[in-house]
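Text of the file work_26.pdb, holding PDB, C-alpha atoms, pLDDT in the B column:
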ATOM      1  CA  ARG M  10      -5.705   8.508  16.334  1.00 33.00           C
ATOM      2  CA  GLU M  11      -4.162   9.618  19.618  1.00 36.00           C
ATOM      3  CA  PHE M  12      -4.193   6.060  20.905  1.00 38.00           C
ATOM      4  CA  CYS M  13      -1.843   5.020  18.075  1.00 44.00           C
ATOM      5  CA  LYS M  14       0.887   7.235  19.523  1.00 37.00           C
ATOM      6  CA  ARG M  15       0.950   5.607  22.937  1.00 36.00           C
ATOM      7  CA  SER M  16       2.864   2.489  23.949  1.00 33.00           C
ATOM      8  CA  ASN M  17       0.983  -0.783  24.169  1.00 34.00           C
ATOM      9  CA  ASN M  18       1.763  -0.958  27.892  1.00 34.00           C
ATOM     10  CA  SER M  19      -0.158   2.210  28.605  1.00 32.00           C
ATOM     11  CA  LEU M  20      -3.356   1.581  26.701  1.00 33.00           C
ATOM     12  CA  LEU M  21      -6.076  -1.030  26.361  1.00 37.00           C
ATOM     13  CA  TRP M  22      -8.542   0.297  23.820  1.00 37.00           C
ATOM     14  CA  SER M  23     -12.041  -1.206  24.168  1.00 41.00           C
ATOM     15  CA  THR M  24     -15.024  -1.550  21.915  1.00 42.00           C
ATOM     16  CA  SER M  25     -18.352  -3.302  22.270  1.00 41.00           C
ATOM     17  CA  MET M  26     -18.652  -4.004  18.529  1.00 47.00           C
ATOM     18  CA  ASN M  27     -20.147  -7.471  18.000  1.00 52.00           C
ATOM     19  CA  LEU M  28     -18.464  -9.176  15.032  1.00 52.00           C
ATOM     20  CA  GLN M  29     -20.315 -12.165  13.665  1.00 54.00           C
ATOM     21  CA  THR M  30     -18.309 -13.666  10.786  1.00 60.00           C
ATOM     22  CA  PRO M  31     -14.872 -15.341  10.991  1.00 56.00           C
ATOM     23  CA  GLY M  32     -13.299 -12.600   8.862  1.00 62.00           C
ATOM     24  CA  SER M  33     -14.875  -9.607  10.600  1.00 63.00           C
ATOM     25  CA  LEU M  34     -12.342  -9.227  13.405  1.00 66.00           C
ATOM     26  CA  LEU M  35      -9.442  -9.432  10.949  1.00 66.00           C
ATOM     27  CA  ILE M  36     -10.991  -6.629   8.892  1.00 60.00           C
ATOM     28  CA  PHE M  37     -11.506  -4.659  12.100  1.00 58.00           C
ATOM     29  CA  GLY M  38      -7.846  -5.184  13.062  1.00 64.00           C
ATOM     30  CA  ILE M  39      -6.586  -4.190   9.621  1.00 60.00           C
ATOM     31  CA  ALA M  40      -8.650  -1.005   9.789  1.00 56.00           C
ATOM     32  CA  ILE M  41      -7.032  -0.112  13.134  1.00 52.00           C
ATOM     33  CA  ALA M  42      -3.556  -0.861  11.779  1.00 52.00           C
ATOM     34  CA  SER M  43      -4.270   1.311   8.754  1.00 49.00           C
ATOM     35  CA  ALA M  44      -5.389   4.175  10.970  1.00 49.00           C
ATOM     36  CA  CYS M  45      -2.285   3.838  13.150  1.00 49.00           C
ATOM     37  CA  LEU M  46       0.073   3.857  10.169  1.00 43.00           C
ATOM     38  CA  GLY M  47      -1.716   6.608   8.287  1.00 44.00           C
ATOM     39  CA  LEU M  48      -2.708   4.273   5.437  1.00 44.00           C
ATOM     40  CA  PRO M  49      -5.961   4.632   3.507  1.00 41.00           C
ATOM     41  CA  LEU M  50      -8.690   2.346   4.818  1.00 42.00           C
ATOM     42  CA  ARG M  51      -8.833   0.645   1.430  1.00 42.00           C
ATOM     43  CA  ALA M  52      -5.748   0.768  -0.782  1.00 49.00           C
ATOM     44  CA  THR M  53      -6.060   0.805  -4.559  1.00 50.00           C
ATOM     45  CA  GLY M  54      -4.505  -1.520  -7.115  1.00 59.00           C
ATOM     46  CA  GLU M  55      -3.100  -5.007  -6.657  1.00 64.00           C
ATOM     47  CA  PRO M  56       0.136  -5.919  -4.826  1.00 67.00           C
ATOM     48  CA  THR M  57       3.023  -6.414  -7.239  1.00 71.00           C
ATOM     49  CA  ALA M  58       4.121  -9.833  -5.965  1.00 84.00           C
ATOM     50  CA  ILE M  59       3.513 -12.613  -3.456  1.00 91.00           C
ATOM     51  CA  VAL M  60       6.687 -14.029  -1.898  1.00 94.00           C
ATOM     52  CA  GLY M  61       7.879 -15.717   1.278  1.00 96.00           C
ATOM     53  CA  ASN M  62       8.360 -19.034   3.017  1.00 96.00           C
ATOM     54  CA  CYS M  63       5.495 -21.393   2.194  1.00 97.00           C
ATOM     55  CA  ALA M  64       7.158 -24.772   2.882  1.00 94.00           C
ATOM     56  CA  GLU M  65       5.740 -27.403   0.512  1.00 94.00           C
ATOM     57  CA  PHE M  66       3.299 -24.915  -1.027  1.00 96.00           C
ATOM     58  CA  ASP M  67       3.704 -22.395  -3.824  1.00 96.00           C
ATOM     59  CA  CYS M  68       2.938 -19.045  -2.153  1.00 96.00           C
ATOM     60  CA  PRO M  69       0.500 -17.646  -4.769  1.00 95.00           C
ATOM     61  CA  GLU M  70      -1.338 -20.976  -4.883  1.00 96.00           C
ATOM     62  CA  LEU M  71      -1.453 -21.128  -1.081  1.00 97.00           C
ATOM     63  CA  LEU M  72      -2.970 -17.651  -0.972  1.00 96.00           C
ATOM     64  CA  ASN M  73      -5.622 -18.732  -3.482  1.00 95.00           C
ATOM     65  CA  GLU M  74      -6.467 -21.743  -1.314  1.00 96.00           C
ATOM     66  CA  LEU M  75      -6.791 -19.527   1.738  1.00 97.00           C
ATOM     67  CA  GLN M  76      -9.100 -17.226  -0.183  1.00 96.00           C
ATOM     68  CA  GLU M  77     -11.393 -20.153  -0.933  1.00 96.00           C
ATOM     69  CA  SER M  78     -11.748 -20.827   2.802  1.00 94.00           C
ATOM     70  CA  PHE M  79     -11.721 -17.205   4.008  1.00 95.00           C
ATOM     71  CA  PRO M  80     -12.923 -15.141   1.030  1.00 95.00           C
ATOM     72  CA  GLU M  81     -13.954 -12.050   2.986  1.00 93.00           C
ATOM     73  CA  ALA M  82     -10.818 -11.877   5.141  1.00 93.00           C
ATOM     74  CA  ILE M  83      -8.323 -12.539   2.336  1.00 94.00           C
ATOM     75  CA  ALA M  84     -10.045 -10.102  -0.029  1.00 93.00           C
ATOM     76  CA  GLU M  85      -9.875  -7.378   2.614  1.00 91.00           C
ATOM     77  CA  ALA M  86      -6.243  -8.200   3.397  1.00 92.00           C
ATOM     78  CA  LYS M  87      -5.324  -7.935  -0.299  1.00 91.00           C
ATOM     79  CA  SER M  88      -7.128  -4.612  -0.578  1.00 91.00           C
ATOM     80  CA  GLN M  89      -4.787  -3.151   2.065  1.00 90.00           C
ATOM     81  CA  CYS M  90      -1.733  -3.842  -0.104  1.00 92.00           C
ATOM     82  CA  SER M  91      -1.387  -1.456  -3.044  1.00 87.00           C
ATOM     83  CA  GLU M  92       0.326  -1.872  -6.406  1.00 84.00           C
ATOM     84  CA  ASN M  93       3.607  -0.415  -5.090  1.00 87.00           C
ATOM     85  CA  GLN M  94       3.724  -2.972  -2.256  1.00 93.00           C
ATOM     86  CA  PHE M  95       3.870  -6.765  -2.071  1.00 94.00           C
ATOM     87  CA  ILE M  96       2.455  -9.548   0.073  1.00 96.00           C
ATOM     88  CA  GLY M  97       4.793 -11.683   2.166  1.00 97.00           C
ATOM     89  CA  MET M  98       3.773 -15.090   3.506  1.00 97.00           C
ATOM     90  CA  ASN M  99       5.366 -17.203   6.207  1.00 97.00           C
ATOM     91  CA  LEU M 100       4.359 -20.744   7.153  1.00 97.00           C
ATOM     92  CA  TRP M 101       5.502 -21.584  10.674  1.00 94.00           C
ATOM     93  CA  GLU M 102       4.735 -23.969  13.525  1.00 90.00           C
ATOM     94  CA  GLN M 103       3.566 -23.168  17.053  1.00 78.00           C
ATOM     95  CA  ASN M 104       2.656 -25.754  19.678  1.00 74.00           C
ATOM     96  CA  GLU M 105       2.587 -28.539  17.064  1.00 78.00           C
ATOM     97  CA  SER M 106       0.155 -26.526  14.936  1.00 85.00           C
ATOM     98  CA  ARG M 107       1.052 -24.739  11.694  1.00 94.00           C
ATOM     99  CA  ARG M 108       0.037 -21.189  10.808  1.00 95.00           C
ATOM    100  CA  VAL M 109       0.366 -18.920   7.777  1.00 97.00           C
ATOM    101  CA  SER M 110       1.062 -15.275   8.535  1.00 97.00           C
ATOM    102  CA  LEU M 111       0.434 -12.606   5.900  1.00 97.00           C
ATOM    103  CA  ALA M 112       2.156  -9.234   5.728  1.00 97.00           C
ATOM    104  CA  CYS M 113       2.113  -6.264   3.371  1.00 96.00           C
ATOM    105  CA  TRP M 114       5.598  -4.905   2.650  1.00 96.00           C
ATOM    106  CA  ASN M 115       6.606  -1.534   1.266  1.00 93.00           C
ATOM    107  CA  GLY M 116       7.898  -1.735  -2.283  1.00 90.00           C
ATOM    108  CA  GLU M 117      10.854   0.500  -1.461  1.00 88.00           C
ATOM    109  CA  ARG M 118      13.498  -0.461   1.077  1.00 85.00           C
ATOM    110  CA  ASP M 119      14.503   2.160   3.658  1.00 78.00           C
ATOM    111  CA  ASN M 120      18.142   2.584   2.661  1.00 72.00           C
ATOM    112  CA  THR M 121      18.909   4.739   5.694  1.00 79.00           C
ATOM    113  CA  ALA M 122      17.618   2.219   8.213  1.00 80.00           C
ATOM    114  CA  GLY M 123      18.711  -0.780   6.167  1.00 84.00           C
ATOM    115  CA  TYR M 124      15.423  -2.651   6.182  1.00 91.00           C
ATOM    116  CA  ARG M 125      11.936  -2.825   4.669  1.00 93.00           C
ATOM    117  CA  GLU M 126       8.820  -2.043   6.740  1.00 94.00           C
ATOM    118  CA  GLY M 127       5.391  -3.642   6.591  1.00 95.00           C
ATOM    119  CA  ILE M 128       2.213  -4.467   8.482  1.00 95.00           C
ATOM    120  CA  SER M 129       0.546  -7.721   9.445  1.00 95.00           C
ATOM    121  CA  LEU M 130      -2.472  -8.855   7.428  1.00 95.00           C
ATOM    122  CA  GLY M 131      -3.416 -11.656   9.822  1.00 95.00           C
ATOM    123  CA  LEU M 132      -2.930 -15.342  10.579  1.00 96.00           C
ATOM    124  CA  PHE M 133      -4.563 -18.268   8.819  1.00 97.00           C
ATOM    125  CA  PRO M 134      -4.568 -22.063   9.142  1.00 96.00           C
ATOM    126  CA  VAL M 135      -2.648 -24.232   6.721  1.00 96.00           C
ATOM    127  CA  PRO M 136      -5.189 -25.801   4.320  1.00 94.00           C
ATOM    128  CA  GLY M 137      -6.332 -29.141   5.667  1.00 93.00           C
ATOM    129  CA  GLU M 138      -5.228 -28.275   9.205  1.00 93.00           C
ATOM    130  CA  GLU M 139      -8.138 -26.009  10.139  1.00 93.00           C
ATOM    131  CA  ASP M 140      -9.203 -28.139  13.122  1.00 93.00           C
ATOM    132  CA  SER M 141      -6.085 -27.147  15.060  1.00 92.00           C
ATOM    133  CA  PHE M 142      -6.495 -23.431  14.299  1.00 94.00           C
ATOM    134  CA  GLY M 143      -7.901 -20.899  16.748  1.00 94.00           C
ATOM    135  CA  SER M 144      -7.057 -18.812  19.774  1.00 94.00           C
ATOM    136  CA  SER M 145      -6.574 -20.387  23.187  1.00 92.00           C
ATOM    137  CA  TRP M 146      -8.554 -19.401  26.268  1.00 95.00           C
ATOM    138  CA  GLY M 147      -6.738 -17.350  28.890  1.00 92.00           C
ATOM    139  CA  CYS M 148      -8.097 -19.078  31.982  1.00 90.00           C
ATOM    140  CA  SER M 149      -6.182 -18.724  35.240  1.00 87.00           C
ATOM    141  CA  ASP M 150      -8.552 -20.671  37.495  1.00 87.00           C
ATOM    142  CA  ARG M 151     -10.763 -23.748  37.480  1.00 89.00           C
ATOM    143  CA  LEU M 152     -14.008 -21.738  37.441  1.00 85.00           C
ATOM    144  CA  CYS M 153     -13.047 -20.143  34.129  1.00 89.00           C
ATOM    145  CA  GLU M 154     -12.070 -23.516  32.666  1.00 92.00           C
ATOM    146  CA  GLU M 155     -15.406 -24.982  33.770  1.00 92.00           C
ATOM    147  CA  GLN M 156     -17.314 -22.086  32.223  1.00 92.00           C
ATOM    148  CA  VAL M 157     -15.443 -22.474  28.923  1.00 95.00           C
ATOM    149  CA  THR M 158     -16.185 -26.196  28.856  1.00 95.00           C
ATOM    150  CA  THR M 159     -19.870 -25.580  29.599  1.00 95.00           C
ATOM    151  CA  LEU M 160     -20.131 -22.954  26.864  1.00 96.00           C
ATOM    152  CA  GLN M 161     -18.342 -25.190  24.344  1.00 96.00           C
ATOM    153  CA  GLU M 162     -20.785 -27.999  25.095  1.00 97.00           C
ATOM    154  CA  THR M 163     -23.845 -25.735  24.980  1.00 97.00           C
ATOM    155  CA  TYR M 164     -22.861 -23.446  22.088  1.00 97.00           C
ATOM    156  CA  PRO M 165     -20.272 -25.429  20.074  1.00 97.00           C
ATOM    157  CA  GLU M 166     -20.634 -23.558  16.762  1.00 97.00           C
ATOM    158  CA  GLU M 167     -20.642 -20.091  18.309  1.00 97.00           C
ATOM    159  CA  MET M 168     -17.649 -20.817  20.535  1.00 97.00           C
ATOM    160  CA  ARG M 169     -15.686 -22.341  17.659  1.00 97.00           C
ATOM    161  CA  ASN M 170     -16.461 -19.282  15.550  1.00 96.00           C
ATOM    162  CA  HIS M 171     -15.063 -17.017  18.293  1.00 97.00           C
ATOM    163  CA  GLU M 172     -11.880 -19.095  18.448  1.00 97.00           C
ATOM    164  CA  ILE M 173     -11.408 -18.711  14.691  1.00 95.00           C
ATOM    165  CA  GLN M 174     -12.211 -14.982  14.693  1.00 94.00           C
ATOM    166  CA  CYS M 175      -9.655 -14.246  17.388  1.00 96.00           C
ATOM    167  CA  GLY M 176      -7.134 -16.599  15.810  1.00 95.00           C
ATOM    168  CA  LEU M 177      -7.168 -14.606  12.573  1.00 95.00           C
ATOM    169  CA  VAL M 178      -5.655 -11.640  14.402  1.00 94.00           C
ATOM    170  CA  GLY M 179      -3.355 -13.713  16.632  1.00 93.00           C
ATOM    171  CA  GLY M 180      -5.276 -12.774  19.763  1.00 95.00           C
ATOM    172  CA  ASP M 181      -6.089 -14.427  23.086  1.00 96.00           C
ATOM    173  CA  LEU M 182      -9.591 -15.169  24.359  1.00 97.00           C
ATOM    174  CA  TYR M 183     -10.945 -14.282  27.798  1.00 97.00           C
ATOM    175  CA  LEU M 184     -14.229 -14.608  29.667  1.00 95.00           C
ATOM    176  CA  LEU M 185     -15.755 -11.553  31.332  1.00 93.00           C
ATOM    177  CA  VAL M 186     -18.340 -12.779  33.829  1.00 90.00           C
ATOM    178  CA  SER M 187     -21.031 -10.388  35.066  1.00 90.00           C
ATOM    179  CA  GLU M 188     -23.102 -11.849  37.883  1.00 90.00           C
ATOM    180  CA  ALA M 189     -25.126  -8.634  38.082  1.00 92.00           C
ATOM    181  CA  GLU M 190     -26.227  -8.939  34.458  1.00 93.00           C
ATOM    182  CA  GLN M 191     -26.117 -12.745  34.495  1.00 92.00           C
ATOM    183  CA  LYS M 192     -24.055 -12.932  31.330  1.00 93.00           C
ATOM    184  CA  ILE M 193     -20.619 -13.905  30.039  1.00 95.00           C
ATOM    185  CA  ASP M 194     -18.848 -11.779  27.429  1.00 96.00           C
ATOM    186  CA  ILE M 195     -16.285 -13.301  25.089  1.00 97.00           C
ATOM    187  CA  GLN M 196     -13.302 -10.963  24.778  1.00 97.00           C
ATOM    188  CA  CYS M 197     -10.503 -11.124  22.191  1.00 97.00           C
ATOM    189  CA  VAL M 198      -7.323  -9.183  23.009  1.00 96.00           C
ATOM    190  CA  PHE M 199      -4.869  -8.622  20.166  1.00 95.00           C
ATOM    191  CA  SER M 200      -2.174  -6.218  18.998  1.00 93.00           C
ATOM    192  CA  ALA M 201      -2.830  -3.811  16.102  1.00 92.00           C
ATOM    193  CA  GLY M 202      -0.638  -1.299  14.315  1.00 90.00           C
ATOM    194  CA  VAL M 203       2.570  -3.335  14.655  1.00 93.00           C
ATOM    195  CA  ILE M 204       5.260  -2.227  12.187  1.00 94.00           C
ATOM    196  CA  LEU M 205       7.181  -5.263  10.941  1.00 96.00           C
ATOM    197  CA  VAL M 206      10.767  -5.296   9.672  1.00 95.00           C
ATOM    198  CA  ASP M 207      12.250  -7.396   6.852  1.00 95.00           C
ATOM    199  CA  MET M 208      16.048  -7.249   6.867  1.00 93.00           C
ATOM    200  CA  ASP M 209      16.845  -9.584   3.960  1.00 92.00           C
ATOM    201  CA  ASP M 210      14.004  -8.935   1.490  1.00 90.00           C
ATOM    202  CA  ASP M 211      12.568 -12.451   1.701  1.00 94.00           C
ATOM    203  CA  GLY M 212       9.035 -11.313   2.596  1.00 94.00           C
ATOM    204  CA  VAL M 213       9.304 -12.793   6.109  1.00 96.00           C
ATOM    205  CA  SER M 214       9.370 -10.630   9.220  1.00 96.00           C
ATOM    206  CA  ASP M 215      12.676 -10.404  11.075  1.00 95.00           C
ATOM    207  CA  GLY M 216      11.277  -8.382  13.964  1.00 94.00           C
ATOM    208  CA  GLU M 217       9.268  -5.298  14.839  1.00 93.00           C
ATOM    209  CA  ASN M 218      10.012  -1.596  14.596  1.00 89.00           C
ATOM    210  CA  SER M 219       6.923  -0.725  16.657  1.00 84.00           C
ATOM    211  CA  GLN M 220       4.827  -2.914  18.944  1.00 81.00           C
ATOM    212  CA  GLY M 221       1.558  -1.166  18.121  1.00 87.00           C
ATOM    213  CA  THR M 222      -1.188  -1.115  20.707  1.00 92.00           C
ATOM    214  CA  PHE M 223      -3.407  -3.656  22.415  1.00 93.00           C
ATOM    215  CA  VAL M 224      -7.057  -3.798  21.370  1.00 95.00           C
ATOM    216  CA  ASP M 225      -9.806  -5.692  23.141  1.00 94.00           C
ATOM    217  CA  ASN M 226     -13.051  -6.528  21.435  1.00 95.00           C
ATOM    218  CA  ILE M 227     -16.212  -8.229  22.649  1.00 96.00           C
ATOM    219  CA  LEU M 228     -17.098 -10.947  20.152  1.00 96.00           C
ATOM    220  CA  GLY M 229     -20.360 -12.017  21.741  1.00 95.00           C
ATOM    221  CA  SER M 230     -22.237 -12.797  24.940  1.00 96.00           C
ATOM    222  CA  PHE M 231     -23.867 -15.836  26.521  1.00 96.00           C
ATOM    223  CA  PRO M 232     -26.183 -16.226  29.516  1.00 92.00           C
ATOM    224  CA  LEU M 233     -24.465 -17.128  32.767  1.00 86.00           C
ATOM    225  CA  HIS M 234     -25.189 -20.735  33.756  1.00 74.00           C
TER
END

Since I need it in another form, could you write the structure as C-alpha cells?
Amino acid sequence: REFCKRSNNSLLWSTSMNLQTPGSLLIFGIAIASACLGLPLRATGEPTAIVGNCAEFDCPELLNELQESFPEAIAEAKSQCSENQFIGMNLWEQNESRRVSLACWNGERDNTAGYREGISLGLFPVPGEEDSFGSSWGCSDRLCEEQVTTLQETYPEEMRNHEIQCGLVGGDLYLLVSEAEQKIDIQCVFSAGVILVDMDDDGVSDGENSQGTFVDNILGSFPLH
C-alpha cells in the first residue's frame, strides 16, 4: 500500500491485467480505493440509505435501473458500502452528455472538520442515454486518430466495450503502439483512492480531501495495421 501514500503527481501505477467485462475495471478501481483507504475489500451489510440529486428520477429507482444494465458493477459498488454508510447519487451533465456518479458516504459526520467523507463508486450512463456514454480517446496527433478510427471500424464491439469500461471509472483512453511487437495496447488511465467531501449532507460531493493516485490499466491489445 505504499503507493497510496504518495501524491498522484509522483506515481503512475501500472498493471497488465486484461479486464474483459464492462464492470471489471470498476471493480478493479474500487478494490484499489478500498486498499488506499484501509477499507475491507468487501464490506458487509447493506447501506442505510440512497440519497442525492437524481433530477427527474427517484434515486433508489434509478439505482435499480442501473443495476439492470450493469448488474456486476452495481452489485460490487453496493458491497463496498456497509450498513453504517449510505450511497449518494448525483446526475450531472458534461459535454452535452449526462452521467450518474455514485459515492459511498460515512454514516457519521466529522464534527471537527465540519464535513462528511466518502469514496467514489463509479460513473454510469443515465438510462436511455447509453449511446453517449464512454471515455474519450486522448489522441494528440493525426496518426493516433487514424489508428482509433481503423480499430473502431475493424473491432467495433471490442472498442466500444473498452470505452464503456474506462467510462465507468471516469478514465481517459490512450493507444500504446509497439512497432517492435506489431501491436496496439488500449490503456485506461484513471484516479483511484480519491476521498470525497460532502459539506451539506445532501449525498453529493462538494470537493476532495485527497486526490488519490493515478492508475493505468491495459484493457486489451490489437494487431498493428

If the PyMOL selection byres ((chain M and resi 181-183) around 8) were run on this exact file, what residues would it hold? Put them as a ChimeraX atom specification. /M:144-148,172,175-176,179-180,184-185,195-199

With stretch 218-228 of chain M as the partner and 9 Å as the cut-off, tabulate the residues of stretch 119-188 of chain M that qualify, each row holding the nearest pair of atoms and their distance in Å to one decimal, using only C-alpha atoms, sorted by chain and rising number, as JSON lines.
{"residue": "M:Glu126", "atom": "CA", "partner": "M:Asn218", "partner_atom": "CA", "distance": 8.0}
{"residue": "M:His171", "atom": "CA", "partner": "M:Leu228", "partner_atom": "CA", "distance": 6.7}
{"residue": "M:Gln174", "atom": "CA", "partner": "M:Leu228", "partner_atom": "CA", "distance": 8.4}
{"residue": "M:Cys175", "atom": "CA", "partner": "M:Leu228", "partner_atom": "CA", "distance": 8.6}

Just the number, please: distance in Å from atom CA of M:Glu92 to atom CA of M:Leu177, one decimal.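 Between atom CA of M:Glu92 and atom CA of M:Leu177 the gap is 24.1 Å.
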
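Picked out by the PyMOL selection byres ((chain M and resi 117) around 12) when it runs on this file: Thr57, Glu92, Asn93, Gln94, Phe95, Trp114, Asn115, Gly116, Arg118, Asp119, Asn120, Thr121, Ala122, Gly123, Tyr124, Arg125, Glu126, Gly127, Asp207 and Asp210 of chain M.
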
Target residues per the PyMOL selection byres ((chain M and resi 213) around 12), formatted as JSON, numbers by chain: {"M": [59, 60, 61, 62, 63, 95, 96, 97, 98, 99, 100, 101, 109, 110, 111, 112, 113, 114, 124, 125, 126, 127, 128, 129, 205, 206, 207, 208, 209, 210, 211, 212, 214, 215, 216, 217]}

Taking into account all atoms listed in the file, which residue in the set M:Leu233, M:Arg107, M:Leu132, M:Glu81 is nearest to M:Glu188? M:Leu233

Provide the atom CA of M:Thr163 to atom CA of M:Asn104 distance in Å, to one decimal place.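 Straight-line distance from atom CA of M:Thr163 to atom CA of M:Asn104 works out to 27.0 Å.
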
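Reported to one decimal place, the separation of atom CA of M:Leu130 from atom CA of M:Ala86 is 5.6 Å.
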
Looking at only C-alpha atoms, which of M:Gly202, M:Phe231, M:Gly143, M:Met168 is the one that sits closest to M:Val186?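 When distances to M:Val186 are compared using only C-alpha atoms, the smallest one comes from M:Phe231.
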
Have a look at M:Ser106, M:Phe133, M:Gln89, M:Glu139 and name the one nearest to M:Leu75; count all atoms listed in the file.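 That would be M:Phe133, the residue with the smallest distance to M:Leu75.
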
For a quick check of understanding, using all atoms listed in the file, which of M:Glu102, M:Ala201, M:Asn73, M:Pro232 has the smallest distance to M:Ala189?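 Using all atoms listed in the file, the shortest distance to M:Ala189 belongs to M:Pro232.
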